[in-house]
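**Q** Mind having a look at this structure? Questions to follow.
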2 protein chains.
Amino acid sequence: MTEINVAEQAKKAQKASKPLSVLSTKEKNEALLIIAEELEQNYAFILEENEKDLALGREKEYDQAYMDRLLLTKERVFEFANGLKELVKLDDPVGEVVTEWTLDNGLHVKNQRVPLGVIGMIYEARPNVTVDATGIALKSGNAIILKGGSSALHSNKAIISIIHQALEKTSISVEAVQFIASTDREATEQLFTLKQYIDVLIPRGGGSLIETVVRKATIPVLETGVGNVHMYVDKHADLEKALAIITNAKTDRPAVCNALETVLIHKEWFAKNKDTLISIFKEFGITVHGDQEVVQAVPGAIEASEKDWAEEYLSLDLAIKLVDDVDEAINHIEQYGTKHSEAIITEDAQVAEQFLNQVDAAAVYHNASTRFTDGSALGYGAEIGISTQKLHARGPMGLPALTTTKLKISGTGQVR
Amino acid sequence: MTEINVAEQAKKAQKASKPLSVLSTKEKNEALLIIAEELEQNYAFILEENEKDLALGREKEYDQAYMDRLLLTKERVFEFANGLKELVKLDDPVGEVVTEWTLDNGLHVKNQRVPLGVIGMIYEARPNVTVDATGIALKSGNAIILKGGSSALHSNKAIISIIHQALEKTSISVEAVQFIASTDREATEQLFTLKQYIDVLIPRGGGSLIETVVRKATIPVLETGVGNVHMYVDKHADLEKALAIITNAKTDRPAVCNALETVLIHKEWFAKNKDTLISIFKEFGITVHGDQEVVQAVPGAIEASEKDWAEEYLSLDLAIKLVDDVDEAINHIEQYGTKHSEAIITEDAQVAEQFLNQVDAAAVYHNASTRFTDGSALGYGAEIGISTQKLHARGPMGLPALTTTKLKISGTGQVR
């Protein structure tokens, strides 16, 4: 095994980030298109290498969902390439003048967007992140250091070799995209403290990965992902809307972070509509974990423990708790929520407003599915993750989230 | 000594932050005015308690500059109160709609500013931070936990007791302003990981304080302060502007973070203007630390070592290095700069543009003093510190830096 020098790679990324930070939009777009083309032309090689990861995965008996995330097909590789072509169409945030003003003393101040510099991306199985994150980083003028999950190592290495081959034909240095080709935990952890070279770490994956990065990093972290998503069905909720939204938010893609995990239902509304609810749960194969009253009412429901209220099931399981009013719902969300996405179903505008104002989360919904917390669904174009933290960027993070600002101040000799 | 339960205080602050986050601007302003009034009325008590800190300081033989930062006078207390009255005049960032759009499916998305929640402020000697930080936090709808330096403990406790007494008469809970009344290092360090209660830590003080917070905290940190500030005097620099700006940036207030530390001078310009420079250094009492050529030319100059290029003197010392061109200057700044404030003096617009584009710092200047990197000088009204990091806020941090955003999404039953 070759020695991996993570600090050396980070240093090279930083060096490459300087010319990249002032590259024109045209040059960056051309590079993205060349990468897309090379990925399409070399899909067979990528699938070959992917097969090695799949074989190891079968040996290790990974479950079906995991294997599916690992699997690449010709269609999927072409989708990666399409993602890059979509990025080309998006506005370049770099150079945008956020604000600009002139002081009484004649100093002109321009607050302008500039790239962050070097992004450190730490992620788990899905090889699509390798392409998506590289594309978003380059479009926003940043170098990137990628550390993917070890189970996708062959696939990632193949993708990176194609990206590097493509970059040779562009104005962007090959060194602007660094891949840590190691399955070694220490190699990852070295990244956490290379503050002199890396400007931000973005962990994408399970809660324990994110927690480790936050605990050990001295580089600022953009936390993504974990969503214990709630929906409060108010006394004045419309039945039809409630059913459509609950089933969509729970069953459309149960494994994603914006999927519904707990429904808090107003006691009176539940009493009136429980039969319809029960038939819907049955129809959609939803397993209910409920409080005592729910368990008594819903056939097959499992009594919920404290653990259920805090759990992100990522499956067709759903926790249900009856509440007296919106205040009880808000308090429950305050206690168990992860500040990702929270919703209220009601026809009472005043209660809706109270909920939207008082619930502390990246996205709060009135009469809509939480599945919309997503860069493309909300019209951001591309996203490098969904921030569940409050600093820098909150909710879906598009291209501007990978920029910072710089004050450019021009004078004619002004002193203080 | 009473037991200090930092976690309990943080929990109380979080609880108090909820109603505060939705308080009207009018109520917040009224509270600020009442605090200002109580500080003015009780200045004698504050000075009495301040005398205890001063006595301890004299015992410990703190230097004159330190004692001056610790010293309160009637005028200074009234200045604190005035600062609060100035805050009242500033726009409230909370509730501001940053962007708003309607999707094709009819969903209406509003991205609105909301308070961060709970601010953890860790600072050294100056008791004015206790008032300033409290005012900025409350105006932006945040609760605050203050941990001041132990040498100002009596002064800070007195100020906090007056603030609490004032808050009793307002719509803001007394619990929204927590003070860690301990000189214990462990009490401070407990703050660093109370992620469930505190949303951001802001350390203000020396480099070692900031470094400790960054290394040990799991809560996101807004780094402030350290400024190894450079000025590049180009071949085409105007002599008069250069002299005015260098002397202002170096001598106006040498101990602050936006003061000049290193001047990089184009060789030809230096050869032409060294006599004038030498007389100016003499006139202003500036001690020069220079490279070999500078030492040969400037009487009394000390030969600079590697350490000089990296040092924030905070005194009338100044490092000087001769360079061949703007590229050498930019490279030097890249190696030794702290990304705070950097300036170029030139009449060549193209070279100025290259410098402003390529130098990576919160504020870059053309033909103006770096002393303008300051919230009030740039027209921000108030500042809680100068961020030298790239995430969330860069440069002077005014009220908006203490807010985050929330997506409020309203629908009529939309699903994905």
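Ligands are numbered from 1 in the order shown, residues from 1 within each chain, and chains are lettered A, B, ... in the order they appear in the structure tokens.
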Give me the residues of chain B that have any atom at most 7 Å from an atom of chain A; for each, the nearest atom pair and the distance in Å, rounded to one decimal. Use only C-alpha atoms, sort by chain and number, and format it as JSON lines.
**A**
```
{"residue": "B:Leu116", "atom": "CA", "partner": "A:Lys390", "partner_atom": "CA", "distance": 6.6}
{"residue": "B:Val214", "atom": "CA", "partner": "A:Thr218", "partner_atom": "CA", "distance": 5.9}
{"residue": "B:Arg215", "atom": "CA", "partner": "A:Thr218", "partner_atom": "CA", "distance": 5.4}
{"residue": "B:Thr218", "atom": "CA", "partner": "A:Arg215", "partner_atom": "CA", "distance": 5.4}
{"residue": "B:Lys241", "atom": "CA", "partner": "A:Gly413", "partner_atom": "CA", "distance": 5.0}
{"residue": "B:Ile245", "atom": "CA", "partner": "A:Val415", "partner_atom": "CA", "distance": 5.9}
{"residue": "B:Asn248", "atom": "CA", "partner": "A:Val415", "partner_atom": "CA", "distance": 6.1}
{"residue": "B:Leu356", "atom": "CA", "partner": "A:Lys408", "partner_atom": "CA", "distance": 6.5}
{"residue": "B:Ala361", "atom": "CA", "partner": "A:Lys406", "partner_atom": "CA", "distance": 6.7}
{"residue": "B:Ala362", "atom": "CA", "partner": "A:Lys406", "partner_atom": "CA", "distance": 5.2}
{"residue": "B:Ala363", "atom": "CA", "partner": "A:Leu407", "partner_atom": "CA", "distance": 4.5}
{"residue": "B:Val364", "atom": "CA", "partner": "A:Lys408", "partner_atom": "CA", "distance": 5.1}
{"residue": "B:Tyr365", "atom": "CA", "partner": "A:Ile409", "partner_atom": "CA", "distance": 4.8}
{"residue": "B:His366", "atom": "CA", "partner": "A:Ser410", "partner_atom": "CA", "distance": 4.8}
{"residue": "B:Asn367", "atom": "CA", "partner": "A:Gly413", "partner_atom": "CA", "distance": 5.0}
{"residue": "B:Ala368", "atom": "CA", "partner": "A:Gln414", "partner_atom": "CA", "distance": 4.8}
{"residue": "B:Ser369", "atom": "CA", "partner": "A:Val415", "partner_atom": "CA", "distance": 5.1}
{"residue": "B:Arg371", "atom": "CA", "partner": "A:Arg416", "partner_atom": "CA", "distance": 6.5}
{"residue": "B:Phe372", "atom": "CA", "partner": "A:Arg416", "partner_atom": "CA", "distance": 6.9}
{"residue": "B:Lys390", "atom": "CA", "partner": "A:Thr404", "partner_atom": "CA", "distance": 5.6}
{"residue": "B:Leu391", "atom": "CA", "partner": "A:His392", "partner_atom": "CA", "distance": 5.4}
{"residue": "B:His392", "atom": "CA", "partner": "A:His392", "partner_atom": "CA", "distance": 3.5}
{"residue": "B:Arg394", "atom": "CA", "partner": "A:Thr405", "partner_atom": "CA", "distance": 6.5}
{"residue": "B:Thr404", "atom": "CA", "partner": "A:Lys390", "partner_atom": "CA", "distance": 5.6}
{"residue": "B:Thr405", "atom": "CA", "partner": "A:Arg394", "partner_atom": "CA", "distance": 6.5}
{"residue": "B:Lys406", "atom": "CA", "partner": "A:Ala362", "partner_atom": "CA", "distance": 5.2}
{"residue": "B:Leu407", "atom": "CA", "partner": "A:Ala363", "partner_atom": "CA", "distance": 4.5}
{"residue": "B:Lys408", "atom": "CA", "partner": "A:Val364", "partner_atom": "CA", "distance": 5.1}
{"residue": "B:Ile409", "atom": "CA", "partner": "A:Tyr365", "partner_atom": "CA", "distance": 4.8}
{"residue": "B:Ser410", "atom": "CA", "partner": "A:His366", "partner_atom": "CA", "distance": 4.8}
{"residue": "B:Gly411", "atom": "CA", "partner": "A:Asn367", "partner_atom": "CA", "distance": 5.0}
{"residue": "B:Thr412", "atom": "CA", "partner": "A:Asn367", "partner_atom": "CA", "distance": 5.4}
{"residue": "B:Gly413", "atom": "CA", "partner": "A:Lys241", "partner_atom": "CA", "distance": 5.0}
{"residue": "B:Gln414", "atom": "CA", "partner": "A:Ala368", "partner_atom": "CA", "distance": 4.9}
{"residue": "B:Val415", "atom": "CA", "partner": "A:Ser369", "partner_atom": "CA", "distance": 5.1}
{"residue": "B:Arg416", "atom": "CA", "partner": "A:Arg371", "partner_atom": "CA", "distance": 6.5}
```
**Q** Convert the current residue selection to file output with C-alpha atoms, as a PDB file, in the first residue's frame.
**A**
```pdb
ATOM      1  CA  LEU B 116     -29.567  32.286  16.342  1.00  0.00           C
ATOM      2  CA  VAL B 214     -11.608  26.331  18.549  1.00  0.00           C
ATOM      3  CA  ARG B 215      -9.756  23.196  19.629  1.00  0.00           C
ATOM      4  CA  THR B 218     -18.139  21.157  19.609  1.00  0.00           C
ATOM      5  CA  LYS B 241      -0.800  58.970   0.380  1.00  0.00           C
ATOM      6  CA  ILE B 245      -1.746  55.848   5.399  1.00  0.00           C
ATOM      7  CA  ASN B 248      -2.231  56.333  10.465  1.00  0.00           C
ATOM      8  CA  LEU B 356      -7.784  43.188  -4.331  1.00  0.00           C
ATOM      9  CA  ALA B 361      -8.721  38.491   3.574  1.00  0.00           C
ATOM     10  CA  ALA B 362     -11.911  39.803   5.189  1.00  0.00           C
ATOM     11  CA  ALA B 363     -11.094  43.333   3.988  1.00  0.00           C
ATOM     12  CA  VAL B 364      -8.718  44.443   1.220  1.00  0.00           C
ATOM     13  CA  TYR B 365      -7.911  48.127   0.708  1.00  0.00           C
ATOM     14  CA  HIS B 366      -6.682  50.292  -2.140  1.00  0.00           C
ATOM     15  CA  ASN B 367      -5.205  53.637  -1.057  1.00  0.00           C
ATOM     16  CA  ALA B 368      -6.825  53.695   2.386  1.00  0.00           C
ATOM     17  CA  SER B 369      -5.897  52.896   5.963  1.00  0.00           C
ATOM     18  CA  ARG B 371      -7.971  51.118  10.477  1.00  0.00           C
ATOM     19  CA  PHE B 372     -11.377  51.256   8.750  1.00  0.00           C
ATOM     20  CA  LYS B 390     -14.856  32.544   6.198  1.00  0.00           C
ATOM     21  CA  LEU B 391     -18.041  30.816   7.328  1.00  0.00           C
ATOM     22  CA  HIS B 392     -21.221  32.676   8.343  1.00  0.00           C
ATOM     23  CA  ARG B 394     -16.579  37.778   7.560  1.00  0.00           C
ATOM     24  CA  THR B 404     -29.819  32.717  10.874  1.00  0.00           C
ATOM     25  CA  THR B 405     -32.568  32.097   8.353  1.00  0.00           C
ATOM     26  CA  LYS B 406     -35.674  29.930   8.323  1.00  0.00           C
ATOM     27  CA  LEU B 407     -37.585  28.729   5.268  1.00  0.00           C
ATOM     28  CA  LYS B 408     -41.299  29.270   5.835  1.00  0.00           C
ATOM     29  CA  ILE B 409     -43.134  27.257   3.210  1.00  0.00           C
ATOM     30  CA  SER B 410     -46.888  27.604   2.736  1.00  0.00           C
ATOM     31  CA  GLY B 411     -48.998  25.304   0.625  1.00  0.00           C
ATOM     32  CA  THR B 412     -52.498  24.066  -0.084  1.00  0.00           C
ATOM     33  CA  GLY B 413     -51.792  20.350   0.197  1.00  0.00           C
ATOM     34  CA  GLN B 414     -48.777  19.993  -2.142  1.00  0.00           C
ATOM     35  CA  VAL B 415     -46.963  16.660  -2.171  1.00  0.00           C
ATOM     36  CA  ARG B 416     -43.961  15.455  -4.123  1.00  0.00           C
TER      37      ARG B 416
END
```
**Q** Considering only strand (DSSP E) as DSSP defines it on the backbone, what residues of range 38-120 of chain B qualify? List them as a PyMOL selection string.
**A** chain B and resi 97-102+108-115+118-120
**Q** In Å to one decimal, how far is CA of Lys195 in chain A from CA of Ala133 in chain B?
**A** 27.8 Å
**Q** Skipping near chain neighbours, those fewer than 2 positions away, what residues fall within 9 Å of Ser305 in chain A using only C-alpha atoms, listed as a ChimeraX atom specification?
**A** /A:289-291,303,307-309
**Q** Based on the selection just made, write N, CA, C and O atoms of those residues as a PDB file, in the first residue's frame.
**A**
```
ATOM      1  N   HIS A 289     -46.101   3.215  15.693  1.00  0.00           N
ATOM      2  CA  HIS A 289     -45.627   3.140  17.074  1.00  0.00           C
ATOM      3  C   HIS A 289     -46.321   4.286  17.801  1.00  0.00           C
ATOM      4  O   HIS A 289     -46.055   5.454  17.481  1.00  0.00           O
ATOM      5  N   GLY A 290     -47.226   3.959  18.737  1.00  0.00           N
ATOM      6  CA  GLY A 290     -48.028   5.054  19.279  1.00  0.00           C
ATOM      7  C   GLY A 290     -48.059   5.128  20.779  1.00  0.00           C
ATOM      8  O   GLY A 290     -47.589   4.216  21.472  1.00  0.00           O
ATOM      9  N   ASP A 291     -48.616   6.223  21.283  1.00  0.00           N
ATOM     10  CA  ASP A 291     -48.831   6.297  22.723  1.00  0.00           C
ATOM     11  C   ASP A 291     -50.028   5.397  23.064  1.00  0.00           C
ATOM     12  O   ASP A 291     -50.650   4.804  22.178  1.00  0.00           O
ATOM     13  N   GLU A 303     -46.587  -0.170  21.105  1.00  0.00           N
ATOM     14  CA  GLU A 303     -46.491   0.930  22.059  1.00  0.00           C
ATOM     15  C   GLU A 303     -45.130   1.619  21.942  1.00  0.00           C
ATOM     16  O   GLU A 303     -44.085   0.975  21.967  1.00  0.00           O
ATOM     17  N   LYS A 307     -37.516   6.039  23.163  1.00  0.00           N
ATOM     18  CA  LYS A 307     -36.607   5.912  22.029  1.00  0.00           C
ATOM     19  C   LYS A 307     -37.314   6.233  20.701  1.00  0.00           C
ATOM     20  O   LYS A 307     -36.715   6.813  19.791  1.00  0.00           O
ATOM     21  N   ASP A 308     -38.588   5.859  20.615  1.00  0.00           N
ATOM     22  CA  ASP A 308     -39.313   6.096  19.356  1.00  0.00           C
ATOM     23  C   ASP A 308     -39.433   7.578  19.029  1.00  0.00           C
ATOM     24  O   ASP A 308     -39.380   7.969  17.868  1.00  0.00           O
ATOM     25  N   TRP A 309     -39.638   8.395  20.056  1.00  0.00           N
ATOM     26  CA  TRP A 309     -39.820   9.829  19.788  1.00  0.00           C
ATOM     27  C   TRP A 309     -38.542  10.460  19.219  1.00  0.00           C
ATOM     28  O   TRP A 309     -38.593  11.445  18.490  1.00  0.00           O
TER      29      TRP A 309
END
```
**Q** Which neighbours of His266 in chain B fall inside 8 Å, counting only C-alpha atoms, when residues of the same chain fewer than 3 positions from it are skipped, and could you give them as number ranges by chain?
**A** B: 232-235, 269-270, 322-325
**Q** Restrict the selected residues to N, CA and C atoms and save them as a PDB file, in the first residue's frame.
**A**
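The resulting out35.pdb:
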```
ATOM      1  N   TYR B 232       1.133  46.872   1.069  1.00  0.00           N
ATOM      2  CA  TYR B 232       2.104  46.808  -0.019  1.00  0.00           C
ATOM      3  C   TYR B 232       2.188  48.187  -0.672  1.00  0.00           C
ATOM      4  N   VAL B 233       3.407  48.775  -0.656  1.00  0.00           N
ATOM      5  CA  VAL B 233       3.626  50.068  -1.298  1.00  0.00           C
ATOM      6  C   VAL B 233       4.246  49.785  -2.663  1.00  0.00           C
ATOM      7  N   ASP B 234       3.452  49.993  -3.681  1.00  0.00           N
ATOM      8  CA  ASP B 234       3.821  49.625  -5.053  1.00  0.00           C
ATOM      9  C   ASP B 234       4.804  50.629  -5.681  1.00  0.00           C
ATOM     10  N   LYS B 235       5.382  50.212  -6.785  1.00  0.00           N
ATOM     11  CA  LYS B 235       6.291  51.078  -7.542  1.00  0.00           C
ATOM     12  C   LYS B 235       5.620  52.424  -7.858  1.00  0.00           C
ATOM     13  N   TRP B 269      10.677  52.022  -5.399  1.00  0.00           N
ATOM     14  CA  TRP B 269      10.009  53.080  -4.631  1.00  0.00           C
ATOM     15  C   TRP B 269      10.805  53.392  -3.375  1.00  0.00           C
ATOM     16  N   PHE B 270      11.293  52.336  -2.737  1.00  0.00           N
ATOM     17  CA  PHE B 270      12.073  52.510  -1.498  1.00  0.00           C
ATOM     18  C   PHE B 270      13.342  53.315  -1.784  1.00  0.00           C
ATOM     19  N   LEU B 322      11.543  44.564   1.544  1.00  0.00           N
ATOM     20  CA  LEU B 322      11.524  45.070   0.167  1.00  0.00           C
ATOM     21  C   LEU B 322      11.147  43.931  -0.780  1.00  0.00           C
ATOM     22  N   VAL B 323      10.319  44.234  -1.778  1.00  0.00           N
ATOM     23  CA  VAL B 323       9.878  43.190  -2.727  1.00  0.00           C
ATOM     24  C   VAL B 323      10.070  43.682  -4.163  1.00  0.00           C
ATOM     25  N   ASP B 324      10.115  42.713  -5.082  1.00  0.00           N
ATOM     26  CA  ASP B 324      10.347  43.041  -6.497  1.00  0.00           C
ATOM     27  C   ASP B 324       9.083  43.487  -7.215  1.00  0.00           C
ATOM     28  N   ASP B 325       7.946  42.936  -6.777  1.00  0.00           N
ATOM     29  CA  ASP B 325       6.695  43.281  -7.455  1.00  0.00           C
ATOM     30  C   ASP B 325       5.490  42.854  -6.626  1.00  0.00           C
TER      31      ASP B 325
END
```
**Q** Per DSSP on the backbone, what are the alpha helix (DSSP H) residues of range 4-146 of chain A, as an MDAnalysis selection string?
**A** chainID A and resid 6:21 25:41 43:59 64:70 74:89 128:139
**Q** A:Lys15, A:Arg113, A:Lys28, A:Arg126: which is nearest Lys89 in chain A, counting only C-alpha atoms?
**A** A:Lys28
**Q** Find the distance between CA of Lys321 in chain B and CA of Val351 in chain B and write it in Å to one decimal.
**A**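 Distance between the two atoms: 18.7 Å.
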**Q** Rank A:Ser17, A:Glu261, A:Ser151, A:Ala65 by their smallest atom-to-atom distance to Asn50 in chain A, using only C-alpha atoms, and report the top residue only.
**A**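 So, comparing all the options, the nearest one is A:Ser151.
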**Q** Closest to Tyr43 in chain A among A:Ser315, A:Thr99, A:Ser155, A:Thr276, using only C-alpha atoms?
**A**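 Smallest separation from Tyr43 in chain A among the options: A:Ser155.
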